[in-house]
$ cat start.cif   # mmCIF, C-alpha atoms
data_data
loop_
_atom_site.label_atom_id
_atom_site.label_comp_id
_atom_site.auth_asym_id
_atom_site.auth_seq_id
_atom_site.Cartn_x
_atom_site.Cartn_y
_atom_site.Cartn_z
CA MET X 1 -8.42 -0.47 4.83
CA LEU X 2 -8.13 3.27 5.24
CA PRO X 3 -4.93 4.59 3.60
CA THR X 4 -5.14 7.93 5.41
CA PHE X 5 -5.47 6.16 8.75
CA LYS X 6 -2.36 4.12 7.99
CA LYS X 7 -0.47 7.38 7.40
CA ALA X 8 -1.85 8.73 10.68
CA VAL X 9 -0.71 5.65 12.61
CA GLN X 10 2.74 5.82 11.03
CA ALA X 11 3.16 9.54 11.75
CA THR X 12 1.86 9.26 15.31
CA LEU X 13 4.03 6.28 16.27
CA SER X 14 7.13 7.65 14.55
CA ASN X 15 6.80 10.77 16.69
CA TRP X 16 6.01 9.04 19.98
CA PRO X 17 8.96 9.88 22.24
CA ALA X 18 8.73 6.66 24.30
CA LEU X 19 8.84 4.48 21.19
CA GLN X 20 11.60 6.50 19.55
CA PHE X 21 13.69 6.40 22.73
CA ALA X 22 13.24 2.61 22.96
CA VAL X 23 14.36 2.27 19.33
CA GLN X 24 17.35 4.58 19.83
CA GLN X 25 18.44 2.59 22.87
CA GLN X 26 17.79 -0.70 21.05
CA ALA X 27 15.64 -1.83 23.96
CA GLY X 28 14.32 -4.68 21.83
CA GLY X 29 17.76 -5.59 20.57
CA PRO X 30 19.18 -4.93 17.12
CA GLN X 31 15.75 -5.43 15.55
CA SER X 32 14.19 -2.53 17.50
CA SER X 33 13.67 -0.45 14.33
CA ALA X 34 11.94 -3.36 12.63
CA ILE X 35 9.70 -3.79 15.68
CA ALA X 36 8.71 -0.11 15.51
CA GLU X 37 7.83 -0.51 11.82
CA TRP X 38 5.87 -3.69 12.60
CA MET X 39 3.96 -1.78 15.30
CA VAL X 40 2.45 0.48 12.63
CA GLY X 41 0.80 -2.44 10.85
CA VAL X 42 -0.41 -4.27 13.95
CA THR X 43 -1.76 -1.07 15.49
CA GLU X 44 -3.67 -0.26 12.33
CA GLN X 45 -4.99 -3.83 12.21
CA TYR X 46 -6.03 -3.60 15.86
CA PHE X 47 -8.50 -0.87 14.95
CA TYR X 48 -9.93 -2.85 12.05
CA ASP X 49 -10.24 -6.02 14.14
CA ASN X 50 -12.08 -4.16 16.89
CA GLU X 51 -14.29 -1.83 14.89
CA TRP X 52 -18.04 -1.88 14.93
CA PRO X 53 -19.79 -2.45 11.60
CA LEU X 54 -20.15 0.83 9.71
CA TRP X 55 -23.94 0.84 10.04
CA LEU X 56 -23.58 0.64 13.84
CA PHE X 57 -20.74 3.13 14.01
CA SER X 58 -20.97 5.97 16.45
CA PRO X 59 -18.13 7.72 18.32
CA THR X 60 -19.31 6.27 21.64
CA GLU X 61 -19.07 2.68 20.34
CA ASP X 62 -15.57 3.06 18.94
CA LEU X 63 -12.46 1.75 20.62
CA GLU X 64 -11.62 3.57 23.80
CA ALA X 65 -8.30 5.39 24.08
CA GLU X 66 -7.51 3.36 27.21
CA GLU X 67 -7.88 0.10 25.26
CA VAL X 68 -5.50 1.34 22.58
CA ALA X 69 -3.09 2.60 25.25
CA ASP X 70 -3.11 -0.80 26.96
CA TYR X 71 -2.47 -2.51 23.63
CA LEU X 72 0.47 -0.21 22.83
CA ALA X 73 1.89 -0.50 26.35
CA THR X 74 1.74 -4.30 26.09
CA ILE X 75 3.67 -4.24 22.81
CA MET X 76 6.23 -1.83 24.24
CA ASP X 77 6.70 -4.11 27.26
CA GLN X 78 6.78 -7.45 25.45
CA GLU X 79 8.63 -6.49 22.27
CA LEU X 80 10.82 -3.57 23.35
CA ASN X 81 11.29 -4.32 27.06
CA THR X 82 10.02 -0.82 27.82
CA MET X 83 7.50 0.16 30.47
CA VAL X 84 5.55 3.29 29.57
CA GLU X 85 4.79 5.06 32.83
CA ASP X 86 4.38 8.66 31.66
CA GLU X 87 0.86 8.17 30.26
CA SER X 88 2.10 9.04 26.78
CA ASP X 89 0.52 5.76 25.61
CA LEU X 90 -2.86 7.24 26.57
CA GLU X 91 -2.08 10.40 24.58
CA VAL X 92 -1.18 8.28 21.56
CA GLY X 93 -4.33 6.20 22.07
CA GLN X 94 -6.48 9.35 22.16
CA CYS X 95 -4.83 10.67 19.04
CA LEU X 96 -5.21 7.42 17.11
CA CYS X 97 -8.86 7.07 18.14
CA ARG X 98 -9.52 10.60 16.93
CA PHE X 99 -7.77 9.96 13.61
CA TYR X 100 -9.66 6.69 13.16
CA ARG X 101 -13.00 8.33 13.90
CA LEU X 102 -12.25 11.13 11.41
CA CYS X 103 -11.24 8.62 8.74
CA MET X 104 -14.40 6.57 9.33
CA GLU X 105 -16.47 9.74 8.97
CA GLY X 106 -14.75 10.49 5.66
CA SER X 107 -12.84 13.50 7.03
CA ASP X 108 -9.54 12.47 5.48
CA ALA X 109 -8.76 16.10 4.63
CA GLN X 110 -8.83 17.02 8.33
CA VAL X 111 -6.53 14.10 9.18
CA LEU X 112 -4.11 15.03 6.39
CA ASP X 113 -4.14 18.64 7.55
CA ASP X 114 -3.31 17.54 11.11
CA LEU X 115 -0.58 15.24 9.80
CA SER X 116 0.98 18.08 7.84
CA LYS X 117 1.53 19.91 11.14
CA ILE X 118 3.56 17.07 12.62
CA PRO X 119 7.32 17.67 12.41
CA THR X 120 9.18 15.10 10.36
CA GLY X 121 12.13 13.11 11.61
CA SER X 122 12.74 11.76 15.06
CA LYS X 123 12.22 14.81 17.23
CA LEU X 124 11.63 13.98 20.85
CA SER X 125 10.15 17.42 21.43
CA PHE X 126 6.96 16.55 19.54
CA ARG X 127 3.93 15.99 21.70
CA VAL X 128 1.13 13.97 20.14
CA GLN X 129 -1.32 15.65 22.45
CA ASP X 130 -0.67 19.04 20.82
CA LEU X 131 -2.62 17.97 17.75
CA CYS X 132 -5.00 15.49 19.29
CA GLU X 133 -6.29 17.20 22.39
CA GLU X 134 -9.99 18.03 22.28
CA GLU X 135 -11.14 21.60 22.99
CA GLU X 136 -11.43 21.14 26.73
CA GLU X 137 -8.16 21.57 28.62
CA GLN X 138 -7.49 19.69 31.82
CA SER X 139 -5.45 21.76 34.23
CA ASP X 140 -4.79 18.91 36.67
CA LYS X 141 -2.91 16.73 34.18
CA PRO X 142 0.49 15.35 35.18
CA PRO X 143 3.56 16.86 33.47
CA GLN X 144 4.10 15.53 29.98
CA LEU X 145 7.06 13.38 29.03
CA VAL X 146 8.57 16.14 26.92
CA ASP X 147 8.43 18.58 29.83
CA ARG X 148 10.23 16.04 32.00
CA LEU X 149 12.78 15.25 29.28
CA GLY X 150 13.67 18.94 29.07
CA ALA X 151 14.54 18.98 32.75
CA LEU X 152 16.45 15.71 32.64
CA GLN X 153 20.18 15.88 33.15
CA LEU X 154 22.19 12.80 32.37
CA ALA X 155 25.16 12.08 34.57
CA GLU X 156 28.27 10.40 33.27
CA ALA X 157 28.57 6.78 34.26
CA PRO X 158 31.32 6.16 36.79
CA PRO X 159 34.37 4.44 35.34
CA ARG X 160 34.39 0.67 35.69
CA PRO X 161 37.15 -0.79 37.82
CA GLU X 162 39.74 -2.83 36.01
CA PRO X 163 39.23 -6.57 36.39
CA GLU X 164 41.79 -8.36 38.51
CA PRO X 165 44.32 -10.42 36.55
CA ARG X 166 43.37 -14.07 36.14
CA THR X 167 45.51 -16.96 37.19
CA ALA X 168 46.54 -19.72 34.80
CA GLU X 169 44.03 -22.05 36.49
CA GLN X 170 41.18 -19.56 35.94
CA LEU X 171 42.12 -19.13 32.27
CA ARG X 172 42.22 -22.94 31.81
CA ASP X 173 38.79 -23.31 33.46
CA GLU X 174 37.34 -20.60 31.21
CA ALA X 175 38.79 -22.30 28.13
CA GLU X 176 37.01 -25.49 29.18
CA GLY X 177 33.72 -23.58 29.48
CA TRP X 178 33.77 -22.95 33.21
CA THR X 179 33.80 -19.54 34.79
CA MET X 180 34.64 -19.03 38.43
CA VAL X 181 32.73 -16.19 40.04
CA GLN X 182 34.53 -14.82 43.05
CA ARG X 183 33.52 -12.26 45.60
CA ARG X 184 34.68 -8.75 45.04
CA LYS X 185 36.99 -7.25 47.58
CA HIS X 186 35.49 -4.27 49.37
CA LYS X 187 37.61 -1.17 49.27
#

$ encode --input "start.cif" --output "structure tokens"
Amino acid sequence: MLPTFKKAVQATLSNWPALQFAVQQQAGGPQSSAIAEWMVGVTEQYFYDNEWPLWLFSPTEDLEAEEVADYLATIMDQELNTMVEDESDLEVGQCLCRFYRLCMEGSDAQVLDDLSKIPTGSKLSFRVQDLCEEEEEQSDKPPQLVDRLGALQLAEAPPRPEPEPRTAEQLRDEAEGWTMVQRRKHK
């Protein structure tokens, strides 16, 4: 076990906007926060279960960011009923692979330095890629989630129409466990 890597996983996931949004919206139900905490441990374990033996270790034989992204996206879908379509899972995968590689190389100081630059708290404006992007920039990348969130305007939900009053027969049926579903009248 690599204690610095565990800190890196925790910091990265706790600042992943897609995960934090799913937790805020309780997409996985009331236990959404617990699921997010559980994700830290299973993500860390995923790296250990899929690592090459240390004597065979080389950066090209390590887990691929796409594999990690698929793993995280599967958890988000199955546990938090959330589809990640903004490719932020790939950004998180790249970041975690980089942190894992640095920890395996014994560069814990570099990881801790990078972690110290991550804002604390649940700030949706944090982009994992800011710290984890390699030197080469890709100009043809799609807009990041945070960029799109900044432009997002939420509209107020329209008011729900009042339900029509129920008859005594409908109330009796409901008390017996039956519910009558009737067509709505078009206005």

$ closest_residue --input "start.cif" --among "X:Glu64, X:Asp114, X:Glu37, X:Asp70" --to "X:Val84" --atoms "all atoms listed in the file"
X:Asp70

$ residues_around --input "start.cif" --residues "X:Glu66" --least-positions-apart "4" --cutoff "10 Å" --atoms "all atoms listed in the file" --output "list in words"
Asp70, Tyr71, Leu72, Asp89, Leu90, Glu91, Val92, Gly93, Gln94 and Cys97 of chain X

$ atom_distance --input "start.cif" --atom1 "atom CA of X:Arg98" --atom2 "atom CA of X:Glu51"
13.5 Å

$ residues_near_point --input "start.cif" --point "(7.7, -6.4, 24.0)" --cutoff "12 Å" --atoms "only C-alpha atoms" --output "list in words"
Leu19, Ala22, Val23, Gln26, Ala27, Gly28, Gly29, Gln31, Ser32, Ile35, Ala36, Trp38, Met39, Tyr71, Leu72, Ala73, Thr74, Ile75, Met76, Asp77, Gln78, Glu79, Leu80, Asn81, Thr82, Met83 and Val84 of chain X

$ resolve_selection --input "start.cif" --expression "the PyMOL selection byres ((chain X and resi 6) around 12)" --output "JSON, numbers by chain"
{"X": [1, 2, 3, 4, 5, 7, 8, 9, 10, 11, 12, 13, 37, 39, 40, 41, 42, 43, 44, 45, 46, 47, 48, 96, 99, 100, 103, 108, 111, 112, 115]}

$ atom_distance --input "start.cif" --atom1 "atom CA of X:Trp16" --atom2 "atom CA of X:Ser107"
23.3 Å

$ atom_distance --input "start.cif" --atom1 "atom CA of X:Ile118" --atom2 "atom CA of X:Asn15"
8.2 Å

$ axis_aligned_box --input "start.cif" --around "stretch 2-11 of chain X" --padding-each-side "5 Å" --output "JSON"
{"center_x": -2.5, "center_y": 6.4, "center_z": 8.1, "size_x": 21.3, "size_y": 16.3, "size_z": 19.0}
